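Take a look at the structure below.
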Amino acid sequence: MTAPTQNTTSRIARFRKLSVAGVATAGAAMAALTLAQSPAQAAPAPASANVAAAQVSAVDAQTAKKAKKQYADNLDGWIKEALDIMESKNIPGSYEGLHRNIMRESSGNPEAQNNWDVNAQNGTPSKGLLQVIQPTFDAYHVAGTPHDLTDPVANITAAANYAADKYGSIDNVDSAY
């Protein structure tokens with residue numbers, strides 16, 4: 001076998017350069033074709049499609065609103081539901097503050113009723129988780145909750161609303177209020 005001549009070596013080198021350049025060019029072209037929008041994608045959607053998309057979005061939003069958050073039917077669930085309502089109505093209070101006061105007032109019994117204090121002697125016994133009397137409940141009832149003094153969530157939110165008005169927050173109450 002004979003040694004390659006200078007001419008052969010430079011032809012091979014040129015071929016290699018062209019091959020690398022060709023592969024690079026082909027790769028760039030493939031990338032450009034992959035990323036480019038087709039005419040169908042680039043064309044603006046007809047107005048009717050935009051209206052339909054907006055209607056679907058509105059339906060999704062309504063469905064999400066209707067899907068009511070579920071809470072446990074126990075003290076923890078009542079407090080969490082009350083806190084969500086309180087937040088939406090800008091009524092201050094924390095889980096700890098509500099729980100502490102509920103445990104002191106009723107030990108967590110939504111049917112608790114005080115039949116011996118001055119309110120009971122005057123015919124308006126305090127009732128429910130936070131031992132609220134009917135006139136206070138009526139004055140501080142929070143819209144969106146049942147108008148029922150012994151409903152746990154209604155009782156909590158009304159009491160927290162009252163405490164916010166009188167003490168700044170249910171968190172500031174450390175004794176009978």
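Residues in the structure tokens are numbered from 1 in each chain, the chains being A, B, ... in the order shown, and ligands are numbered from 1 in the order shown.
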Show which residues sit within 6 Å of region 156-163 of chain A, as a PyMOL selection string. Count only C-alpha atoms, and ignore same-chain residues fewer than 5 positions away.
chain A and resi 82+137+140-142+169-170
File of the preceding selection, N, CA, C and O atoms, as a CSV table (one decimal), in the first residue's frame:
```csv
chain,number,residue,atom,x,y,z
A,82,ALA,N,-65.4,27.2,60.5
A,82,ALA,CA,-65.6,28.5,61.0
A,82,ALA,C,-64.4,29.4,60.6
A,82,ALA,O,-64.7,30.6,60.2
A,137,PHE,N,-76.2,36.3,69.7
A,137,PHE,CA,-76.2,35.5,68.5
A,137,PHE,C,-76.9,36.3,67.4
A,137,PHE,O,-76.3,36.4,66.3
A,140,TYR,N,-74.8,39.3,66.2
A,140,TYR,CA,-73.5,39.0,65.6
A,140,TYR,C,-73.5,37.8,64.7
A,140,TYR,O,-72.4,37.3,64.2
A,141,HIS,N,-74.7,37.3,64.3
A,141,HIS,CA,-74.8,36.2,63.4
A,141,HIS,C,-74.0,36.5,62.1
A,141,HIS,O,-74.1,37.7,61.6
A,142,VAL,N,-73.3,35.6,61.6
A,142,VAL,CA,-72.5,35.7,60.3
A,142,VAL,C,-73.3,35.2,59.1
A,142,VAL,O,-73.7,34.0,59.2
A,169,SER,N,-60.3,40.2,69.0
A,169,SER,CA,-60.2,38.9,68.5
A,169,SER,C,-60.6,37.9,69.6
A,169,SER,O,-60.5,38.1,70.8
A,170,ILE,N,-61.1,36.7,69.2
A,170,ILE,CA,-61.4,35.6,70.1
A,170,ILE,C,-60.1,35.2,70.8
A,170,ILE,O,-60.1,34.7,71.9
```
Residue among A:Ser106, A:Gln70, A:Asn115, A:Thr150 lying closest to Asp84 (chain A), counting only C-alpha atoms:
A:Gln70
Would you mind listing what lies within 8 Å of region 88-103 of chain A as a ChimeraX atom specification, with only C-alpha atoms counted and same-chain residues fewer than 2 positions away left out?
/A:79-80,83-86,105-108,129-130,156,160-161,164,168-175
Separation of CA of Gln113 (chain A) from CA of Glu87 (chain A) in Å:
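CA of Gln113 (chain A) lies 27.6 Å from CA of Glu87 (chain A).
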Name the residues of region 104-158 of chain A that come out as helix (DSSP H, G or I) in a backbone DSSP run; write them as a VMD selection string.
chain A and resid 104 to 106 118 to 121 134 to 140 152 to 158
Could you save the residues just selected, with N, CA and C atoms, as a JSON list (two decimals), in the first residue's frame?
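Now in selection_8.json:
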```json
[["chain", "number", "residue", "atom", "x", "y", "z"],
["A", 104, "ARG", "N", -63.08, 25.65, 77.37],
["A", 104, "ARG", "CA", -63.43, 26.28, 78.65],
["A", 104, "ARG", "C", -64.94, 26.44, 78.78],
["A", 105, "GLU", "N", -65.61, 26.84, 77.70],
["A", 105, "GLU", "CA", -67.03, 27.15, 77.77],
["A", 105, "GLU", "C", -67.95, 25.93, 77.72],
["A", 106, "SER", "N", -67.60, 24.94, 76.90],
["A", 106, "SER", "CA", -68.55, 23.82, 76.69],
["A", 106, "SER", "C", -67.90, 22.45, 76.65],
["A", 118, "VAL", "N", -76.67, 34.28, 85.50],
["A", 118, "VAL", "CA", -77.61, 35.40, 85.46],
["A", 118, "VAL", "C", -78.40, 35.44, 84.15],
["A", 119, "ASN", "N", -77.75, 35.06, 83.04],
["A", 119, "ASN", "CA", -78.48, 35.04, 81.77],
["A", 119, "ASN", "C", -79.62, 34.03, 81.82],
["A", 120, "ALA", "N", -79.34, 32.85, 82.35],
["A", 120, "ALA", "CA", -80.38, 31.82, 82.47],
["A", 120, "ALA", "C", -81.49, 32.29, 83.41],
["A", 121, "GLN", "N", -81.13, 32.93, 84.51],
["A", 121, "GLN", "CA", -82.12, 33.44, 85.45],
["A", 121, "GLN", "C", -83.01, 34.51, 84.80],
["A", 134, "GLN", "N", -79.00, 34.18, 73.00],
["A", 134, "GLN", "CA", -79.73, 34.43, 71.75],
["A", 134, "GLN", "C", -79.61, 35.88, 71.26],
["A", 135, "PRO", "N", -79.77, 36.90, 72.12],
["A", 135, "PRO", "CA", -79.64, 38.28, 71.60],
["A", 135, "PRO", "C", -78.25, 38.57, 71.02],
["A", 136, "THR", "N", -77.21, 38.04, 71.63],
["A", 136, "THR", "CA", -75.86, 38.25, 71.10],
["A", 136, "THR", "C", -75.70, 37.51, 69.78],
["A", 137, "PHE", "N", -76.22, 36.29, 69.72],
["A", 137, "PHE", "CA", -76.15, 35.51, 68.48],
["A", 137, "PHE", "C", -76.87, 36.27, 67.36],
["A", 138, "ASP", "N", -78.06, 36.78, 67.65],
["A", 138, "ASP", "CA", -78.83, 37.51, 66.64],
["A", 138, "ASP", "C", -78.08, 38.76, 66.15],
["A", 139, "ALA", "N", -77.43, 39.46, 67.07],
["A", 139, "ALA", "CA", -76.73, 40.69, 66.71],
["A", 139, "ALA", "C", -75.44, 40.42, 65.94],
["A", 140, "TYR", "N", -74.79, 39.28, 66.20],
["A", 140, "TYR", "CA", -73.48, 39.01, 65.60],
["A", 140, "TYR", "C", -73.48, 37.80, 64.65],
["A", 152, "PRO", "N", -72.99, 24.32, 65.38],
["A", 152, "PRO", "CA", -71.61, 24.55, 65.82],
["A", 152, "PRO", "C", -70.88, 25.66, 65.06],
["A", 153, "VAL", "N", -70.98, 25.67, 63.74],
["A", 153, "VAL", "CA", -70.25, 26.66, 62.95],
["A", 153, "VAL", "C", -70.88, 28.04, 63.13],
["A", 154, "ALA", "N", -72.19, 28.12, 63.16],
["A", 154, "ALA", "CA", -72.87, 29.40, 63.36],
["A", 154, "ALA", "C", -72.54, 29.96, 64.75],
["A", 155, "ASN", "N", -72.50, 29.09, 65.75],
["A", 155, "ASN", "CA", -72.18, 29.51, 67.11],
["A", 155, "ASN", "C", -70.76, 30.05, 67.20],
["A", 156, "ILE", "N", -69.81, 29.32, 66.59],
["A", 156, "ILE", "CA", -68.41, 29.75, 66.62],
["A", 156, "ILE", "C", -68.23, 31.09, 65.91],
["A", 157, "THR", "N", -68.78, 31.21, 64.71],
["A", 157, "THR", "CA", -68.56, 32.44, 63.94],
["A", 157, "THR", "C", -69.23, 33.64, 64.59],
["A", 158, "ALA", "N", -70.42, 33.46, 65.15],
["A", 158, "ALA", "CA", -71.09, 34.57, 65.83],
["A", 158, "ALA", "C", -70.29, 34.99, 67.06]]
```
In Å, rounded to a single decimal, give me how far CA of Asp165 (chain A) is from CA of Gly77 (chain A).
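Distance reported for this atom pair: 24.5 Å.
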